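With PDB, C-alpha atoms and all ligand atoms inside, this is target16.pdb:
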```pdb
MODEL        1
ATOM      1  CA  MET A   1       0.000   0.000   0.000
ATOM      2  CA  LYS A   2       1.590   3.226  -1.234
ATOM      3  CA  LEU A   3       0.136   6.444   0.192
ATOM      4  CA  ILE A   4       1.306  10.050   0.065
ATOM      5  CA  ILE A   5       0.453  12.941   2.328
ATOM      6  CA  ILE A   6       0.493  16.251   0.466
ATOM      7  CA  ASN A   7       0.391  19.377   2.615
ATOM      8  CA  GLY A   8      -0.231  22.841   1.238
ATOM      9  CA  PRO A   9       0.790  26.366   2.218
ATOM     10  CA  ASN A  10       1.906  27.288   5.722
ATOM     11  CA  LEU A  11       1.678  23.706   6.963
ATOM     12  CA  ASN A  12       5.499  23.685   7.050
ATOM     13  CA  LEU A  13       5.019  25.944  10.097
ATOM     14  CA  LEU A  14       3.031  23.407  12.098
ATOM     15  CA  GLY A  15       4.269  23.451  15.681
ATOM     16  CA  LYS A  16       4.750  27.226  15.735
ATOM     17  CA  ARG A  17       1.824  28.460  13.645
ATOM     18  CA  GLU A  18      -1.301  29.390  15.666
ATOM     19  CA  PRO A  19      -0.765  26.505  18.134
ATOM     20  CA  GLU A  20      -4.190  27.136  19.701
ATOM     21  CA  ILE A  21      -5.706  25.950  16.396
ATOM     22  CA  TYR A  22      -3.082  23.610  14.943
ATOM     23  CA  GLY A  23      -1.265  22.301  18.038
ATOM     24  CA  SER A  24       2.407  22.404  18.972
ATOM     25  CA  THR A  25       3.708  19.291  17.196
ATOM     26  CA  THR A  26       5.763  19.683  14.032
ATOM     27  CA  PHE A  27       4.560  17.683  11.047
ATOM     28  CA  GLU A  28       7.960  15.997  10.752
ATOM     29  CA  ASP A  29       7.524  14.610  14.306
ATOM     30  CA  TYR A  30       3.950  13.551  13.621
ATOM     31  CA  PHE A  31       4.966  11.933  10.334
ATOM     32  CA  ALA A  32       7.505   9.775  12.223
ATOM     33  CA  THR A  33       4.677   8.701  14.568
ATOM     34  CA  LEU A  34       2.558   7.710  11.571
ATOM     35  CA  GLN A  35       5.423   5.726  10.007
ATOM     36  CA  ASN A  36       5.853   3.803  13.271
ATOM     37  CA  LYS A  37       2.127   3.178  13.610
ATOM     38  CA  PHE A  38       1.681   1.948  10.029
ATOM     39  CA  PRO A  39       4.866  -0.021   9.238
ATOM     40  CA  ASN A  40       3.175  -1.865   6.379
ATOM     41  CA  VAL A  41       2.227   1.321   4.566
ATOM     42  CA  GLU A  42       4.773   2.889   2.234
ATOM     43  CA  LEU A  43       4.153   6.424   3.389
ATOM     44  CA  THR A  44       5.592   9.520   1.692
ATOM     45  CA  TYR A  45       5.290  13.153   2.714
ATOM     46  CA  TYR A  46       5.398  16.239   0.470
ATOM     47  CA  GLN A  47       4.791  19.881   1.372
ATOM     48  CA  SER A  48       4.712  22.971  -0.805
ATOM     49  CA  ASN A  49       3.617  26.563  -0.425
ATOM     50  CA  ILE A  50       3.184  26.837  -4.203
ATOM     51  CA  GLU A  51      -0.082  25.938  -5.954
ATOM     52  CA  GLY A  52       1.554  24.739  -9.201
ATOM     53  CA  GLU A  53       3.941  22.463  -7.312
ATOM     54  CA  ILE A  54       1.033  20.826  -5.512
ATOM     55  CA  ILE A  55      -0.714  20.272  -8.863
ATOM     56  CA  ALA A  56       2.503  18.819 -10.333
ATOM     57  CA  LYS A  57       2.877  16.403  -7.388
ATOM     58  CA  ILE A  58      -0.761  15.246  -7.672
ATOM     59  CA  GLN A  59      -0.169  14.562 -11.395
ATOM     60  CA  GLU A  60       3.136  12.802 -10.700
ATOM     61  CA  VAL A  61       1.804  10.325  -8.108
ATOM     62  CA  GLY A  62      -1.838  10.186  -9.142
ATOM     63  CA  PHE A  63      -1.563   7.288 -11.593
ATOM     64  CA  ASP A  64       0.691   5.198  -9.398
ATOM     65  CA  TYR A  65      -0.094   5.563  -5.682
ATOM     66  CA  ASP A  66      -2.930   3.727  -3.933
ATOM     67  CA  GLY A  67      -4.097   6.946  -2.361
ATOM     68  CA  ILE A  68      -3.427  10.622  -1.748
ATOM     69  CA  ILE A  69      -4.125  12.320   1.575
ATOM     70  CA  LEU A  70      -4.397  15.995   0.716
ATOM     71  CA  ASN A  71      -4.463  18.968   3.034
ATOM     72  CA  ALA A  72      -4.389  21.780   0.485
ATOM     73  CA  ALA A  73      -4.707  24.260   3.386
ATOM     74  CA  ALA A  74      -5.795  27.724   2.157
ATOM     75  CA  TYR A  75      -5.819  26.535  -1.491
ATOM     76  CA  THR A  76      -8.713  24.243  -0.549
ATOM     77  CA  HIS A  77     -10.952  27.297  -0.548
ATOM     78  CA  THR A  78      -9.640  28.951  -3.711
ATOM     79  CA  SER A  79      -8.010  26.545  -6.152
ATOM     80  CA  VAL A  80      -9.979  25.361  -9.166
ATOM     81  CA  GLY A  81      -6.631  24.051 -10.461
ATOM     82  CA  ILE A  82      -6.030  21.688  -7.535
ATOM     83  CA  GLY A  83      -9.645  20.517  -7.719
ATOM     84  CA  ASP A  84      -9.195  19.802 -11.444
ATOM     85  CA  ALA A  85      -5.945  17.883 -10.741
ATOM     86  CA  VAL A  86      -7.714  15.709  -8.152
ATOM     87  CA  LYS A  87     -10.440  15.033 -10.709
ATOM     88  CA  ALA A  88      -7.904  14.216 -13.429
ATOM     89  CA  VAL A  89      -5.924  11.501 -11.625
ATOM     90  CA  GLU A  90      -6.847   7.879 -10.856
ATOM     91  CA  SER A  91      -5.641   7.603  -7.248
ATOM     92  CA  PRO A  92      -8.408   8.217  -4.719
ATOM     93  CA  VAL A  93      -7.923  11.433  -2.743
ATOM     94  CA  ILE A  94      -8.997  12.004   0.853
ATOM     95  CA  GLU A  95      -9.283  15.684   1.780
ATOM     96  CA  VAL A  96      -7.978  16.315   5.285
ATOM     97  CA  HIS A  97      -7.978  19.299   7.628
ATOM     98  CA  ILE A  98      -6.572  19.642  11.104
ATOM     99  CA  SER A  99      -9.221  22.126  12.222
ATOM    100  CA  ASN A 100     -12.972  21.945  11.769
ATOM    101  CA  THR A 101     -13.167  24.450   8.931
ATOM    102  CA  HIS A 102     -16.968  24.597   9.248
ATOM    103  CA  GLU A 103     -16.799  26.185  12.696
ATOM    104  CA  ARG A 104     -14.410  28.868  11.378
ATOM    105  CA  GLU A 105     -14.743  31.808   8.967
ATOM    106  CA  ALA A 106     -17.336  31.483   6.160
ATOM    107  CA  TYR A 107     -14.635  31.519   3.452
ATOM    108  CA  ARG A 108     -13.285  28.269   4.920
ATOM    109  CA  HIS A 109     -16.634  26.533   4.401
ATOM    110  CA  VAL A 110     -16.035  26.320   0.639
ATOM    111  CA  SER A 111     -13.913  23.471  -0.773
ATOM    112  CA  TYR A 112     -12.955  22.963  -4.407
ATOM    113  CA  ILE A 113     -11.636  19.517  -3.481
ATOM    114  CA  ALA A 114     -14.517  17.962  -1.527
ATOM    115  CA  PRO A 115     -16.794  17.461  -4.589
ATOM    116  CA  VAL A 116     -14.069  15.430  -6.359
ATOM    117  CA  ALA A 117     -12.557  13.701  -3.310
ATOM    118  CA  LYS A 118     -13.365  10.180  -2.163
ATOM    119  CA  GLY A 119     -14.031  11.548   1.314
ATOM    120  CA  VAL A 120     -13.292  14.349   3.750
ATOM    121  CA  ILE A 121     -11.889  14.094   7.290
ATOM    122  CA  LEU A 122     -11.598  17.270   9.349
ATOM    123  CA  GLY A 123     -11.535  18.625  12.843
ATOM    124  CA  PHE A 124      -9.625  15.856  14.642
ATOM    125  CA  GLY A 125      -6.327  17.700  14.907
ATOM    126  CA  LEU A 126      -3.332  15.844  13.475
ATOM    127  CA  LYS A 127      -5.287  12.633  14.072
ATOM    128  CA  SER A 128      -7.239  13.525  10.891
ATOM    129  CA  TYR A 129      -4.231  12.173   8.926
ATOM    130  CA  ASP A 130      -4.214   8.941  10.957
ATOM    131  CA  LEU A 131      -7.935   8.459  10.276
ATOM    132  CA  ALA A 132      -7.352   9.064   6.567
ATOM    133  CA  ILE A 133      -4.689   6.337   6.451
ATOM    134  CA  GLN A 134      -7.038   3.988   8.285
ATOM    135  CA  SER A 135      -9.746   4.684   5.712
ATOM    136  CA  PHE A 136      -7.463   3.233   3.013
ATOM    137  CA  LEU A 137      -6.709   0.149   5.115
ATOM    138  CA  GLY A 138     -10.369  -0.326   6.060
TER     139      GLY A 138
HETATM  140  C1  LIG B 201      -6.412  23.887   7.271
HETATM  141  C2  LIG B 201      -7.648  24.792   7.254
HETATM  142  C3  LIG B 201      -7.494  25.889   6.222
HETATM  143  O1  LIG B 201      -8.641  26.719   6.223
HETATM  144  C4  LIG B 201      -6.281  26.745   6.513
HETATM  145  O2  LIG B 201      -6.096  27.714   5.511
HETATM  146  C5  LIG B 201      -5.060  25.948   6.734
HETATM  147  C6  LIG B 201      -5.132  24.682   7.466
HETATM  148  C7  LIG B 201      -6.486  22.822   8.379
HETATM  149  O3  LIG B 201      -5.778  21.832   8.268
HETATM  150  O4  LIG B 201      -7.218  22.999   9.360
HETATM  151  O5  LIG B 201      -3.951  26.376   6.392
HETATM  152  O6  LIG B 201      -6.347  23.205   6.025
ENDMDL
END
```

Kindly return the structure encoded in the file as structure tokens.
Amino acid sequence: MKLIIINGPNLNLLGKREPEIYGSTTFEDYFATLQNKFPNVELTYYQSNIEGEIIAKIQEVGFDYDGIILNAAAYTHTSVGIGDAVKAVESPVIEVHISNTHEREAYRHVSYIAPVAKGVILGFGLKSYDLAIQSFLG
């Protein structure tokens, strides 16, 4: 089972960015926890702050990997291009968010990915990623 986690803009700052919303763990530390918890999953991690790079990565892995776990962060709410990339590839995509975007500002209630994703997991903190992996193993 080959899965990739793709994180979008500002998620490289996890651990120091608005810890009251996103917690105080870095994603690198959490990723190590996930690798230990799921030793049978070939798990890769990619992060970019650049929309086109995220689209390029989705295209690159999207005909090969068993699944993509995508937290497009702010681009979730704006990017037709990332939504189109998700639609274009064969690998199933789970949209993930750390926070419950529906209890936040109205502009975070819109997602260009949800309509083309296999499913959406949000609001469970970093555990949202764990639940997404489990959904592929299910
Ligand atoms: C986020 C929610 C987005 O609205 C926000 O722009 C992020 C992080 C989350 O994981 O909760 O950067 O995707």

Running the PyMOL selection byres (((chain A and resi 56) around 12) and not hetatm) on this model by hand, what would come out? Give it as a ChimeraX atom specification. /A:6,46-48,50-55,57-62,81-82,84-86,88-89

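When the distance limit is 8 Å and all atoms listed in the file are what count, the residues near Leu11 of chain A, minus those fewer than 3 positions from it on the same chain, are Asn7, Gly8, Leu14, Phe27, Gln47 and Ala73 of chain A.
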
Top pick for closest residue to Asp29 of chain A, considering A:Asp64, A:Val120, A:Ile133, A:Tyr45 and counting only C-alpha atoms: A:Tyr45

Picked residues, the PyMOL selection byres (((chain A and resi 2) around 7) and not hetatm), expected as number ranges by chain: A: 1, 3-4, 41-43, 65-67

Residue with smallest distance to ligand LIG 201 (chain B) - pool A:Pro92, A:Pro115, A:Gly83, A:Gly125, counting only C-alpha atoms and all ligand atoms: A:Gly125

From the set A:Asn100, A:Ser91, A:Asn12, A:Asn36, which residue has the shortest atom-to-atom contact distance to ligand LIG 201 (chain B), counting all atoms listed in the file?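 Smallest distance to ligand LIG 201 (chain B) is found for A:Asn100.
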
Would you compute an axis-aligned box for ligand LIG 201 (chain B), covering every atom listed for it in the file with 4 Å of margin on each side, and report centre and edge lengths in Å to one decimal as JSON?
```
{"center_x": -6.3, "center_y": 24.8, "center_z": 7.4, "size_x": 12.7, "size_y": 13.9, "size_z": 11.8}
```

Which residues are near ligand LIG 201 (chain B) - at most 9 Å, using only C-alpha atoms and all ligand atoms? Format: as a ChimeraX atom specification. /A:7-11,21-22,71-77,96-101,104-105,107-109,122-123,125-126,128

Store the residues picked out above in a file with C-alpha atoms, as a compact mmCIF listing (two decimals), in the coordinates of the input.
```
# COMPACT_ATOMS: atom_id res chain seq x y z
CA ASN A 7 0.39 19.38 2.62
CA GLY A 8 -0.23 22.84 1.24
CA PRO A 9 0.79 26.37 2.22
CA ASN A 10 1.91 27.29 5.72
CA LEU A 11 1.68 23.71 6.96
CA ILE A 21 -5.71 25.95 16.40
CA TYR A 22 -3.08 23.61 14.94
CA ASN A 71 -4.46 18.97 3.03
CA ALA A 72 -4.39 21.78 0.48
CA ALA A 73 -4.71 24.26 3.39
CA ALA A 74 -5.80 27.72 2.16
CA TYR A 75 -5.82 26.54 -1.49
CA THR A 76 -8.71 24.24 -0.55
CA HIS A 77 -10.95 27.30 -0.55
CA VAL A 96 -7.98 16.32 5.28
CA HIS A 97 -7.98 19.30 7.63
CA ILE A 98 -6.57 19.64 11.10
CA SER A 99 -9.22 22.13 12.22
CA ASN A 100 -12.97 21.94 11.77
CA THR A 101 -13.17 24.45 8.93
CA ARG A 104 -14.41 28.87 11.38
CA GLU A 105 -14.74 31.81 8.97
CA TYR A 107 -14.64 31.52 3.45
CA ARG A 108 -13.28 28.27 4.92
CA HIS A 109 -16.63 26.53 4.40
CA LEU A 122 -11.60 17.27 9.35
CA GLY A 123 -11.54 18.62 12.84
CA GLY A 125 -6.33 17.70 14.91
CA LEU A 126 -3.33 15.84 13.48
CA SER A 128 -7.24 13.52 10.89
```

Record the distance separating atom CA of Thr78 of chain A and atom CA of Ala114 of chain A, expressed in Å with one decimal.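 A separation of 12.2 Å between them.
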
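Interatomic distance, atom CA of Leu131 of chain A against atom CA of Glu95 of chain A: 11.2 Å.
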
From the options A:Leu70, A:Ala117, A:Ala132, A:Val93, which residue's atoms come nearest to Leu34 of chain A, counting only C-alpha atoms?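 Closest candidate: A:Ala132.
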
Which of A:Pro39, A:Gly23, A:Glu28, A:Ser111 sits closest to Phe124 of chain A [using only C-alpha atoms]: A:Gly23

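Shortest atom-to-atom contact with His102 of chain A among A:Ile69, A:Ile121, A:Leu13, A:Val80: A:Ile121, counting all atoms listed in the file.
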
Atom CA of Tyr30 of chain A to atom CA of Ile68 of chain A: how many Å, to one decimal? 17.3 Å
